[in-house]
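Just entry23.csv here, CSV, C-alpha atoms and all ligand atoms:
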chain,number,residue,atom,x,y,z
A,241,MET,CA,-19.4,-48.7,17.5
A,242,THR,CA,-20.8,-47.0,20.5
A,243,PRO,CA,-24.4,-46.0,19.6
A,244,LEU,CA,-25.5,-45.4,23.2
A,245,LEU,CA,-23.0,-42.7,23.9
A,246,PHE,CA,-23.6,-41.1,20.5
A,247,ALA,CA,-27.3,-41.1,21.3
A,248,ALA,CA,-26.6,-39.4,24.6
A,249,VAL,CA,-24.7,-36.7,22.7
A,250,LEU,CA,-27.7,-36.2,20.5
A,251,ALA,CA,-30.1,-36.2,23.4
A,252,ALA,CA,-28.0,-33.5,25.1
A,253,THR,CA,-27.9,-31.3,22.0
A,254,PRO,CA,-31.4,-31.4,20.6
A,255,ALA,CA,-31.4,-31.8,16.9
A,256,ALA,CA,-32.8,-33.8,14.1
A,257,PRO,CA,-30.0,-36.3,13.7
A,258,SER,CA,-30.9,-37.3,10.1
A,259,THR,CA,-30.5,-33.7,8.9
A,260,THR,CA,-28.0,-31.8,11.0
A,261,TYR,CA,-25.7,-34.5,12.4
A,262,GLU,CA,-23.7,-36.9,10.5
A,263,ARG,CA,-20.9,-39.2,11.5
A,264,VAL,CA,-17.7,-38.6,9.6
A,265,PRO,CA,-16.9,-42.1,8.3
A,266,THR,CA,-13.4,-41.1,7.3
A,267,LEU,CA,-12.6,-39.9,10.8
A,268,PRO,CA,-13.4,-43.1,12.8
A,269,GLY,CA,-14.7,-42.8,16.3
A,270,TRP,CA,-16.5,-39.9,17.8
A,271,TRP,CA,-16.3,-37.2,15.2
A,272,TYR,CA,-19.5,-36.0,13.9
A,273,THR,CA,-20.4,-33.0,11.8
A,274,VAL,CA,-22.8,-30.1,11.6
A,275,ARG,CA,-22.9,-28.6,8.1
A,276,GLY,CA,-25.2,-25.7,8.5
A,277,ASP,CA,-26.1,-24.3,5.1
A,278,ALA,CA,-23.2,-26.0,3.3
A,279,THR,CA,-23.9,-29.1,1.4
A,280,LYS,CA,-20.6,-29.5,-0.4
A,281,ALA,CA,-18.5,-29.8,2.7
A,282,ASN,CA,-15.8,-32.5,2.6
A,283,PHE,CA,-14.4,-34.0,5.8
A,284,THR,CA,-11.7,-36.6,5.7
A,285,ARG,CA,-8.6,-38.0,7.3
A,286,ASP,CA,-5.6,-36.9,5.3
A,287,ASP,CA,-2.8,-39.5,5.4
A,288,LYS,CA,-0.6,-37.4,3.1
A,289,VAL,CA,-0.6,-34.2,5.1
A,290,GLN,CA,0.9,-35.4,8.4
A,291,LEU,CA,1.8,-33.6,11.6
A,292,GLY,CA,4.0,-35.2,14.3
A,293,GLY,CA,4.0,-38.5,12.3
A,294,GLN,CA,0.2,-38.7,12.4
A,295,PRO,CA,-2.5,-38.1,9.8
A,296,THR,CA,-4.5,-34.9,10.0
A,297,ALA,CA,-8.2,-34.1,9.6
A,298,ARG,CA,-9.1,-32.0,6.6
A,299,ILE,CA,-12.1,-29.8,6.1
A,300,GLN,CA,-12.8,-28.6,2.6
A,301,LEU,CA,-15.6,-26.5,1.3
A,302,THR,CA,-16.3,-25.2,-2.2
A,303,ASP,CA,-20.0,-24.3,-1.6
A,304,GLN,CA,-20.4,-20.6,-1.6
A,305,ALA,CA,-23.4,-21.0,0.8
A,306,GLY,CA,-20.6,-21.2,3.3
A,307,GLY,CA,-21.1,-20.5,6.9
A,308,TRP,CA,-19.4,-22.4,9.7
A,309,ILE,CA,-18.8,-26.1,9.3
A,310,ASP,CA,-17.0,-28.3,11.7
A,311,ILE,CA,-16.3,-31.7,13.0
A,312,GLU,CA,-17.0,-32.0,16.7
A,313,GLN,CA,-17.3,-34.2,19.7
A,314,GLY,CA,-19.3,-34.0,22.9
A,315,VAL,CA,-17.8,-35.3,26.1
A,316,ASP,CA,-19.5,-35.8,29.4
A,317,SER,CA,-18.3,-33.1,31.8
A,318,LEU,CA,-18.1,-35.4,34.8
A,319,GLN,CA,-14.3,-35.5,35.0
A,320,PHE,CA,-13.9,-31.9,34.0
A,321,ARG,CA,-16.4,-30.1,36.4
A,322,GLY,CA,-14.7,-27.3,38.4
A,323,LYS,CA,-11.5,-27.7,36.4
A,324,ARG,CA,-9.6,-25.7,33.9
A,325,VAL,CA,-9.3,-27.3,30.5
A,326,ARG,CA,-7.2,-26.7,27.5
A,327,PHE,CA,-8.4,-27.7,24.0
A,328,SER,CA,-5.5,-27.2,21.6
A,329,ALA,CA,-4.6,-28.2,18.1
A,330,GLU,CA,-2.4,-27.0,15.2
A,331,ALA,CA,-4.1,-25.8,12.1
A,332,ARG,CA,-3.1,-25.0,8.5
A,333,THR,CA,-5.2,-23.3,5.9
A,334,GLU,CA,-5.4,-22.9,2.2
A,335,GLU,CA,-7.4,-20.2,0.5
A,336,VAL,CA,-9.9,-19.9,3.4
A,337,SER,CA,-12.3,-17.1,2.7
A,338,GLY,CA,-13.4,-16.8,6.3
A,339,TRP,CA,-11.3,-18.4,9.0
A,340,GLY,CA,-10.3,-21.8,10.3
A,341,GLY,CA,-10.0,-22.6,14.0
A,342,LEU,CA,-11.3,-24.2,17.2
A,343,SER,CA,-14.5,-23.8,19.1
A,344,VAL,CA,-15.8,-25.0,22.4
A,345,ARG,CA,-19.2,-24.9,24.0
A,346,VAL,CA,-20.1,-25.9,27.5
A,347,ASP,CA,-23.7,-27.0,28.1
A,348,GLY,CA,-25.4,-26.8,31.5
A,349,PRO,CA,-28.8,-28.2,32.5
A,350,LYS,CA,-30.6,-25.4,30.6
A,351,GLY,CA,-28.5,-25.3,27.4
A,352,ALA,CA,-25.3,-23.5,26.4
A,353,LYS,CA,-23.6,-21.9,29.4
A,354,GLN,CA,-20.5,-20.6,27.6
A,355,SER,CA,-18.9,-20.6,24.3
A,356,GLU,CA,-15.5,-19.6,22.9
A,357,ASN,CA,-13.6,-19.8,19.7
A,358,THR,CA,-10.3,-18.8,18.2
A,359,GLN,CA,-11.6,-16.2,15.8
A,360,GLN,CA,-9.4,-13.5,17.4
A,361,ARG,CA,-6.5,-15.6,16.1
A,362,ALA,CA,-8.3,-16.4,12.9
A,363,LEU,CA,-6.4,-18.3,10.3
A,364,LYS,CA,-7.5,-16.7,7.0
A,365,GLY,CA,-6.2,-17.2,3.5
A,366,THR,CA,-3.2,-19.5,3.3
A,367,VAL,CA,-1.3,-20.0,6.5
A,368,GLY,CA,1.2,-22.6,7.6
A,369,TRP,CA,0.9,-24.8,10.7
A,370,THR,CA,-0.2,-22.6,13.6
A,371,PRO,CA,-0.8,-23.6,17.2
A,372,LEU,CA,-4.3,-22.7,18.6
A,373,GLU,CA,-5.8,-23.1,22.0
A,374,ILE,CA,-8.8,-22.4,24.1
A,375,VAL,CA,-8.3,-22.5,27.9
A,376,PHE,CA,-11.6,-22.4,29.8
A,377,ASP,CA,-13.1,-23.2,33.2
A,378,VAL,CA,-15.8,-25.8,33.4
A,379,ALA,CA,-18.7,-24.9,35.7
A,380,GLU,CA,-19.8,-27.3,38.5
A,381,ASP,CA,-23.2,-27.8,36.8
A,382,ALA,CA,-21.8,-28.4,33.3
A,383,ARG,CA,-23.4,-31.4,31.5
A,384,GLN,CA,-21.3,-31.8,28.5
A,385,ILE,CA,-18.5,-30.1,26.6
A,386,VAL,CA,-18.6,-29.9,22.8
A,387,PHE,CA,-15.3,-29.1,21.1
A,388,ALA,CA,-14.9,-28.5,17.4
A,389,LEU,CA,-12.4,-28.1,14.6
A,390,GLY,CA,-14.0,-25.9,12.0
A,391,GLN,CA,-13.9,-23.5,9.2
A,392,ASP,CA,-16.0,-20.5,8.3
A,393,GLY,CA,-16.3,-19.9,4.5
A,394,THR,CA,-14.7,-21.7,1.6
A,395,GLY,CA,-11.3,-23.2,1.4
A,396,THR,CA,-9.4,-26.0,3.1
A,397,THR,CA,-8.2,-26.3,6.7
A,398,TRP,CA,-6.1,-29.2,8.2
A,399,PHE,CA,-5.9,-30.0,11.9
A,400,GLY,CA,-3.4,-32.1,13.8
A,401,ARG,CA,-1.9,-32.6,17.3
A,402,VAL,CA,-5.3,-32.3,18.9
A,403,HIS,CA,-5.3,-32.3,22.7
A,404,PHE,CA,-8.0,-31.9,25.3
A,405,ASP,CA,-6.5,-31.8,28.8
A,406,VAL,CA,-7.1,-30.6,32.4
A,407,VAL,CA,-4.5,-27.9,33.2
A,408,ASP,CA,-3.3,-26.1,36.2
A,409,ARG,CA,-5.1,-23.0,37.4
A,410,ASN,CA,-1.9,-21.0,36.6
A,411,VAL,CA,-2.5,-21.5,32.9
A,412,PRO,CA,-4.2,-18.2,31.9
A,413,LEU,CA,-7.7,-18.3,30.4
A,414,THR,CA,-7.8,-17.4,26.7
A,415,ARG,CA,-11.2,-15.7,26.9
A,416,VAL,CA,-11.0,-12.0,26.6
A,417,ALA,CA,-13.3,-10.5,29.2
A,418,HIS,CA,-15.5,-7.9,27.6
A,419,PRO,CA,-16.9,-5.3,29.9
A,420,GLY,CA,-19.7,-4.5,27.5
A,421,LEU,CA,-21.2,-5.6,24.2
A,422,ASN,CA,-18.5,-6.7,21.8
A,423,ASN,CA,-18.5,-6.5,18.0
A,424,GLY,CA,-22.1,-5.2,17.7
A,425,SER,CA,-21.3,-4.0,14.2
A,426,PHE,CA,-20.1,-7.4,13.0
A,427,GLU,CA,-17.1,-5.8,11.5
A,428,GLU,CA,-15.0,-8.4,13.3
A,429,GLY,CA,-17.0,-11.2,11.8
A,430,SER,CA,-19.0,-13.2,14.2
A,431,GLU,CA,-16.6,-12.8,17.1
A,432,GLY,CA,-18.4,-12.9,20.4
A,433,TRP,CA,-21.7,-14.1,18.9
A,434,PHE,CA,-22.9,-17.7,19.0
A,435,VAL,CA,-26.2,-19.5,18.4
A,436,SER,CA,-27.9,-20.7,21.5
A,437,GLY,CA,-31.4,-21.9,22.6
A,438,SER,CA,-33.0,-25.3,22.5
A,439,GLY,CA,-33.1,-25.0,18.7
A,440,ARG,CA,-29.5,-23.8,18.3
A,441,LYS,CA,-28.8,-26.6,15.8
A,442,GLU,CA,-31.8,-25.7,13.8
A,443,TYR,CA,-30.5,-22.2,12.8
A,444,VAL,CA,-27.3,-20.9,11.2
A,445,GLN,CA,-25.7,-17.6,11.7
A,446,THR,CA,-23.5,-16.2,8.9
A,447,VAL,CA,-21.6,-13.0,8.6
A,448,VAL,CA,-22.6,-11.5,5.3
A,449,SER,CA,-21.6,-8.4,3.3
A,450,ASP,CA,-24.4,-8.3,0.7
A,451,VAL,CA,-27.0,-7.1,3.3
A,452,ARG,CA,-25.8,-4.8,6.0
A,453,ARG,CA,-26.8,-1.5,7.6
A,454,SER,CA,-23.4,-0.1,8.1
A,455,GLY,CA,-19.7,-0.9,7.6
A,456,ARG,CA,-18.8,-4.0,5.6
A,457,SER,CA,-20.9,-6.7,7.2
A,458,ALA,CA,-23.9,-7.8,9.2
A,459,LEU,CA,-25.1,-11.1,10.8
A,460,LYS,CA,-27.7,-13.2,9.1
A,461,LEU,CA,-29.7,-15.7,11.1
A,462,THR,CA,-32.0,-18.2,9.3
A,463,ALA,CA,-33.2,-21.8,9.8
A,464,ALA,CA,-31.0,-24.6,8.5
A,465,PRO,CA,-32.4,-26.1,5.3
A,466,GLU,CA,-34.3,-28.8,7.2
A,467,GLY,CA,-34.2,-27.2,10.6
A,468,ASP,CA,-37.2,-27.5,12.9
A,469,LYS,CA,-38.6,-23.9,12.8
A,470,LYS,CA,-40.7,-24.5,15.8
A,471,LYS,CA,-37.7,-24.6,18.0
A,472,TYR,CA,-36.0,-21.4,19.2
A,473,GLY,CA,-32.5,-20.4,18.2
A,474,THR,CA,-30.9,-17.1,19.0
A,475,SER,CA,-27.7,-15.3,17.9
A,476,MET,CA,-26.4,-14.0,21.2
A,477,GLN,CA,-23.5,-13.0,23.3
A,478,PHE,CA,-23.0,-12.3,26.9
A,479,PHE,CA,-20.8,-9.9,28.8
A,480,ASP,CA,-19.9,-8.8,32.3
A,481,ALA,CA,-22.6,-6.8,34.0
A,482,ALA,CA,-20.4,-5.1,36.6
A,483,ALA,CA,-20.2,-1.8,34.7
A,484,PHE,CA,-24.0,-1.6,34.5
A,485,VAL,CA,-25.4,-2.7,37.8
A,486,GLY,CA,-27.7,-0.1,39.4
A,487,LYS,CA,-27.7,1.9,36.2
A,488,ARG,CA,-30.3,2.6,33.5
A,489,VAL,CA,-29.3,1.2,30.1
A,490,ARG,CA,-30.4,1.2,26.5
A,491,ALA,CA,-30.1,-1.9,24.5
A,492,SER,CA,-30.5,-1.4,20.8
A,493,VAL,CA,-30.2,-3.4,17.7
A,494,TRP,CA,-31.0,-2.9,14.0
A,495,VAL,CA,-32.8,-5.8,12.3
A,496,LYS,CA,-34.0,-6.4,8.8
A,497,SER,CA,-36.6,-9.2,8.6
A,498,GLU,CA,-38.0,-11.2,5.8
A,499,GLY,CA,-40.7,-13.9,6.1
A,500,VAL,CA,-40.6,-14.2,9.9
A,501,THR,CA,-44.1,-15.6,10.2
A,502,GLY,CA,-43.4,-17.2,13.6
A,503,ARG,CA,-41.6,-15.9,16.7
A,504,GLY,CA,-38.9,-13.3,16.2
A,505,ASP,CA,-37.5,-11.3,19.0
A,506,PHE,CA,-34.8,-9.1,20.4
A,507,TRP,CA,-34.2,-9.8,24.1
A,508,VAL,CA,-31.8,-8.7,26.8
A,509,ARG,CA,-31.5,-10.4,30.2
A,510,VAL,CA,-29.6,-9.8,33.4
A,511,GLN,CA,-28.3,-13.0,34.9
A,512,ALA,CA,-27.2,-13.8,38.5
A,513,PRO,CA,-24.7,-16.6,39.0
A,514,ASP,CA,-27.5,-19.0,39.8
A,515,SER,CA,-30.0,-18.0,37.1
A,516,PRO,CA,-31.1,-20.8,34.9
A,517,GLY,CA,-30.2,-20.4,31.3
A,518,ASP,CA,-33.8,-20.3,30.1
A,519,GLY,CA,-35.4,-18.3,32.9
A,520,PRO,CA,-36.2,-14.6,33.3
A,521,GLY,CA,-33.0,-13.9,35.3
A,522,LEU,CA,-33.2,-10.5,37.0
A,523,GLY,CA,-35.2,-9.0,34.2
A,524,GLY,CA,-34.2,-7.0,31.2
A,525,GLY,CA,-36.0,-6.1,28.0
A,526,TYR,CA,-37.8,-7.6,25.1
A,527,ALA,CA,-39.1,-6.6,21.7
A,528,GLN,CA,-41.0,-8.5,19.1
A,529,LEU,CA,-39.6,-8.2,15.6
A,530,ASP,CA,-41.6,-7.3,12.5
A,531,SER,CA,-42.2,-10.2,10.2
A,532,ASP,CA,-41.1,-8.2,7.1
A,533,ALA,CA,-39.4,-4.9,7.5
A,534,ASP,CA,-36.4,-3.0,6.1
A,535,TRP,CA,-33.7,-2.0,8.7
A,536,THR,CA,-35.6,-1.1,11.9
A,537,GLU,CA,-34.2,-0.2,15.3
A,538,TYR,CA,-35.5,-2.2,18.2
A,539,GLN,CA,-34.6,-1.0,21.6
A,540,THR,CA,-35.4,-1.4,25.2
A,541,VAL,CA,-34.5,0.8,28.2
A,542,PHE,CA,-34.3,-0.8,31.6
A,543,ASP,CA,-32.5,-0.8,35.0
A,544,VAL,CA,-29.9,-3.4,35.6
A,545,ALA,CA,-30.8,-5.1,38.9
A,546,ALA,CA,-28.4,-5.4,41.8
A,547,GLY,CA,-26.9,-8.9,41.9
A,548,GLY,CA,-26.6,-9.1,38.2
A,549,THR,CA,-23.3,-10.5,37.0
A,550,GLN,CA,-23.9,-11.2,33.4
A,551,ILE,CA,-25.9,-9.7,30.6
A,552,ASP,CA,-27.2,-11.8,27.8
A,553,PHE,CA,-28.1,-10.0,24.5
A,554,GLY,CA,-29.7,-11.7,21.5
A,555,VAL,CA,-31.9,-11.8,18.5
A,556,GLY,CA,-33.8,-15.1,18.0
A,557,LEU,CA,-36.2,-17.0,15.8
A,558,ALA,CA,-38.7,-19.8,16.2
A,559,SER,CA,-39.7,-19.3,12.7
A,560,PRO,CA,-39.0,-19.6,9.0
A,561,GLY,CA,-37.6,-16.6,7.3
A,562,THR,CA,-34.4,-14.6,7.8
A,563,VAL,CA,-33.2,-11.8,10.0
A,564,TRP,CA,-30.1,-9.6,9.4
A,565,ILE,CA,-28.6,-8.0,12.5
A,566,ASP,CA,-26.3,-5.0,12.6
A,567,ASP,CA,-25.3,-2.1,14.9
A,568,ALA,CA,-26.1,-3.6,18.2
A,569,THR,CA,-25.3,-1.3,21.2
A,570,PHE,CA,-25.6,-1.5,24.9
A,571,THR,CA,-25.1,1.8,26.7
A,572,VAL,CA,-25.7,3.5,30.1
A,573,VAL,CA,-28.3,6.3,29.8
A,574,PRO,CA,-29.3,9.0,32.3
A,575,ASN,CA,-31.7,7.9,35.0
A,576,ASP,CA,-34.5,10.1,33.8
A,577,THR,CA,-34.6,8.3,30.4
A,578,PRO,CA,-38.0,6.8,30.0
A,579,LEU,CA,-38.2,3.1,30.4
A,580,ARG,CA,-39.0,1.2,27.2
A,581,HIS,CA,-40.2,-2.3,26.9
A,582,GLY,CA,-41.2,-2.8,23.3
A,583,PRO,CA,-40.5,-1.8,19.7
A,584,SER,CA,-43.6,0.1,18.9
A,585,LEU,CA,-44.7,3.3,20.6
A,586,ALA,CA,-48.2,3.0,19.2
A,587,PRO,CA,-50.6,0.2,18.4
A,588,ARG,CA,-50.1,-1.1,14.9
A,589,ASN,CA,-51.9,-3.1,12.1
A,590,LEU,CA,-55.4,-2.4,13.5
A,591,SER,CA,-56.7,-2.6,9.9
A,592,PHE,CA,-55.1,-6.1,9.3
A,593,THR,CA,-53.4,-4.8,6.2
A,594,GLY,CA,-49.9,-5.2,7.7
A,595,ARG,CA,-49.4,-1.5,8.4
B,601,CA,CA,-21.9,-3.7,10.2
When written as structure tokens, how does the structure in this file appear?
Amino acid sequence: MTPLLFAAVLAATPAAPSTTYERVPTLPGWWYTVRGDATKANFTRDDKVQLGGQPTARIQLTDQAGGWIDIEQGVDSLQFRGKRVRFSAEARTEEVSGWGGLSVRVDGPKGAKQSENTQQRALKGTVGWTPLEIVFDVAEDARQIVFALGQDGTGTTWFGRVHFDVVDRNVPLTRVAHPGLNNGSFEEGSEGWFVSGSGRKEYVQTVVSDVRRSGRSALKLTAAPEGDKKKYGTSMQFFDAAAFVGKRVRASVWVKSEGVTGRGDFWVRVQAPDSPGDGPGLGGGYAQLDSDADWTEYQTVFDVAAGGTQIDFGVGLASPGTVWIDDATFTVVPNDTPLRHGPSLAPRNLSFTGR
């Protein structure tokens, strides 16, 4: 029993421990779980399904509420700072409706700094033992690294031969560098998108097909059943700013909102290497979301400042309610395109009737 270190993990990842975090009693030691929307998730050590002569971890979900469920650990980054790390495991799936795989998040002083998963090698349906890995560099100001074995959707996934090691710089990174916004249509599932912000554990993002603006799917963001809706959580991604520096850009996203009585926003921010995770960076754009609206385009037009190296792009909530997100784009526009900083070109709701 090591309650102090577990408490440290919780302190570093703000959450309501009684609702969103649970130890996994059948996986002794450090594994804990975040269930999101799913209440019928089953996590256990499987002594019958072995790999390399050792038991495996099994994640099973029958609850259609679905979403991402995982077992995870947080480690202090002290011995990993400035180093290249490989998180690897072998996984096997049975009738998985979404995908099974690995996920890693590195937290800095101001929250999540980077995040990566193996969705591009997603194990879907029924697949035999398959090696998976995430190779990533840990920043010098990293605080902790959270690594997870998880599953999106219903079905069963087993994990074995789990390793977490420092590797040589010659080992290539697994992250695919995206020169621009990736998977803005959510047709590739949630690839590229993750939940960040101080309330990242209070909200759940799920790829859905029942509500969408185009194609087959959209992203749904809503508070976890007992999530603290005063905290801010945002579905976001970041990408390389190099192709956009010194240019005028339009960032656009389509959002359908329902019952967003608190804060809901679309935000884009240009970051320099030393920009804190929760600061203004080098500017960007911002638009407040409607509380209840059918599919609406929110957009902002701004100039990407010199010195920018990364662009963050997100839709977030500090609110009850739900937003669905689809058709996000980020494009260079001519320099004479008027700058735009908000969603509405005219004052609204002056009669207090909501219109
Ligand atoms: Ca779509």
Subject >> Residues near region 297-300 of chain A, cut-off 12 Å, all atoms listed in the file, skip fewer than 3 positions along chain, as JSON, numbers by chain >> reply: {"A": [264, 265, 266, 267, 268, 271, 273, 275, 278, 279, 280, 281, 282, 283, 284, 285, 286, 287, 288, 289, 290, 291, 294, 303, 304, 306, 308, 309, 310, 311, 312, 329, 330, 331, 332, 333, 334, 335, 336, 337, 339, 340, 341, 388, 389, 390, 391, 392, 393, 394, 395, 396, 397, 398, 399, 400, 401, 402]}
Closest pair table for chain A residues within 7 Å of ligand CA 601 (chain B), all atoms listed in the file, as JSON lines:
{"residue": "A:Ser425", "atom": "CA", "partner": "B:CA601", "partner_atom": "CA", "distance": 4.1}
{"residue": "A:Phe426", "atom": "CA", "partner": "B:CA601", "partner_atom": "CA", "distance": 5.0}
{"residue": "A:Glu427", "atom": "CA", "partner": "B:CA601", "partner_atom": "CA", "distance": 5.4}
{"residue": "A:Arg452", "atom": "CA", "partner": "B:CA601", "partner_atom": "CA", "distance": 5.8}
{"residue": "A:Arg453", "atom": "CA", "partner": "B:CA601", "partner_atom": "CA", "distance": 6.0}
{"residue": "A:Ser454", "atom": "CA", "partner": "B:CA601", "partner_atom": "CA", "distance": 4.4}
{"residue": "A:Gly455", "atom": "CA", "partner": "B:CA601", "partner_atom": "CA", "distance": 4.4}
{"residue": "A:Arg456", "atom": "CA", "partner": "B:CA601", "partner_atom": "CA", "distance": 5.6}
{"residue": "A:Ser457", "atom": "CA", "partner": "B:CA601", "partner_atom": "CA", "distance": 4.4}
{"residue": "A:Ala458", "atom": "CA", "partner": "B:CA601", "partner_atom": "CA", "distance": 4.7}
{"residue": "A:Asp566", "atom": "CA", "partner": "B:CA601", "partner_atom": "CA", "distance": 5.2}
{"residue": "A:Asp567", "atom": "CA", "partner": "B:CA601", "partner_atom": "CA", "distance": 6.0}
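Going from CA of Ser449 (chain A) to CA of Thr536 (chain A) covers 18.0 Å.
Residues in contact with Ala481 (chain A) at 8 Å, where only C-alpha atoms are counted and same-chain residues fewer than 2 positions away are skipped, are listed as Pro419, Gly420, Phe479, Ala483, Phe484, Val485, Val510, Gly548, Thr549, Gln550 and Ile551 of chain A.
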**OP:** Go through A:Lys469, A:Arg326, A:Lys350, A:Arg415 and flag the residue nearest Val500 (chain A), using all atoms listed in the file for the distances.
**Re:** A:Lys469
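Proximity of A:Lys460, A:Arg263, A:Arg488, A:Arg503 to Tyr443 (chain A), computed with only C-alpha atoms, is greatest for A:Lys460.
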Original post:
A:Gly556, A:Gly519, A:Gly348, A:Gly307: which is nearest Val448 (chain A), counting all atoms listed in the file?
Top reply: A:Gly307
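For the pair CA of Val406 (chain A) and CA of Ala362 (chain A), the interatomic distance is 24.2 Å.
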**OP:** For CA of Ser438 (chain A) and CA of Tyr472 (chain A), quote the distance in Å rounded to one decimal.
**Re:** 5.9 Å
**OP:** Find, counting all atoms listed in the file, the residue in A:Val435, A:Ala546, A:Ala491, A:Ala533 that gets nearest to Gln511 (chain A).
**Re:** A:Ala546
Subject >> Spatial sel., origin (-36.0, -19.5, 14.3), limit 12 Å, only C-alpha atoms, listed as a PyMOL selection string >> reply: chain A and resi 435-445+460-475+497+499-505+529+531+555-563
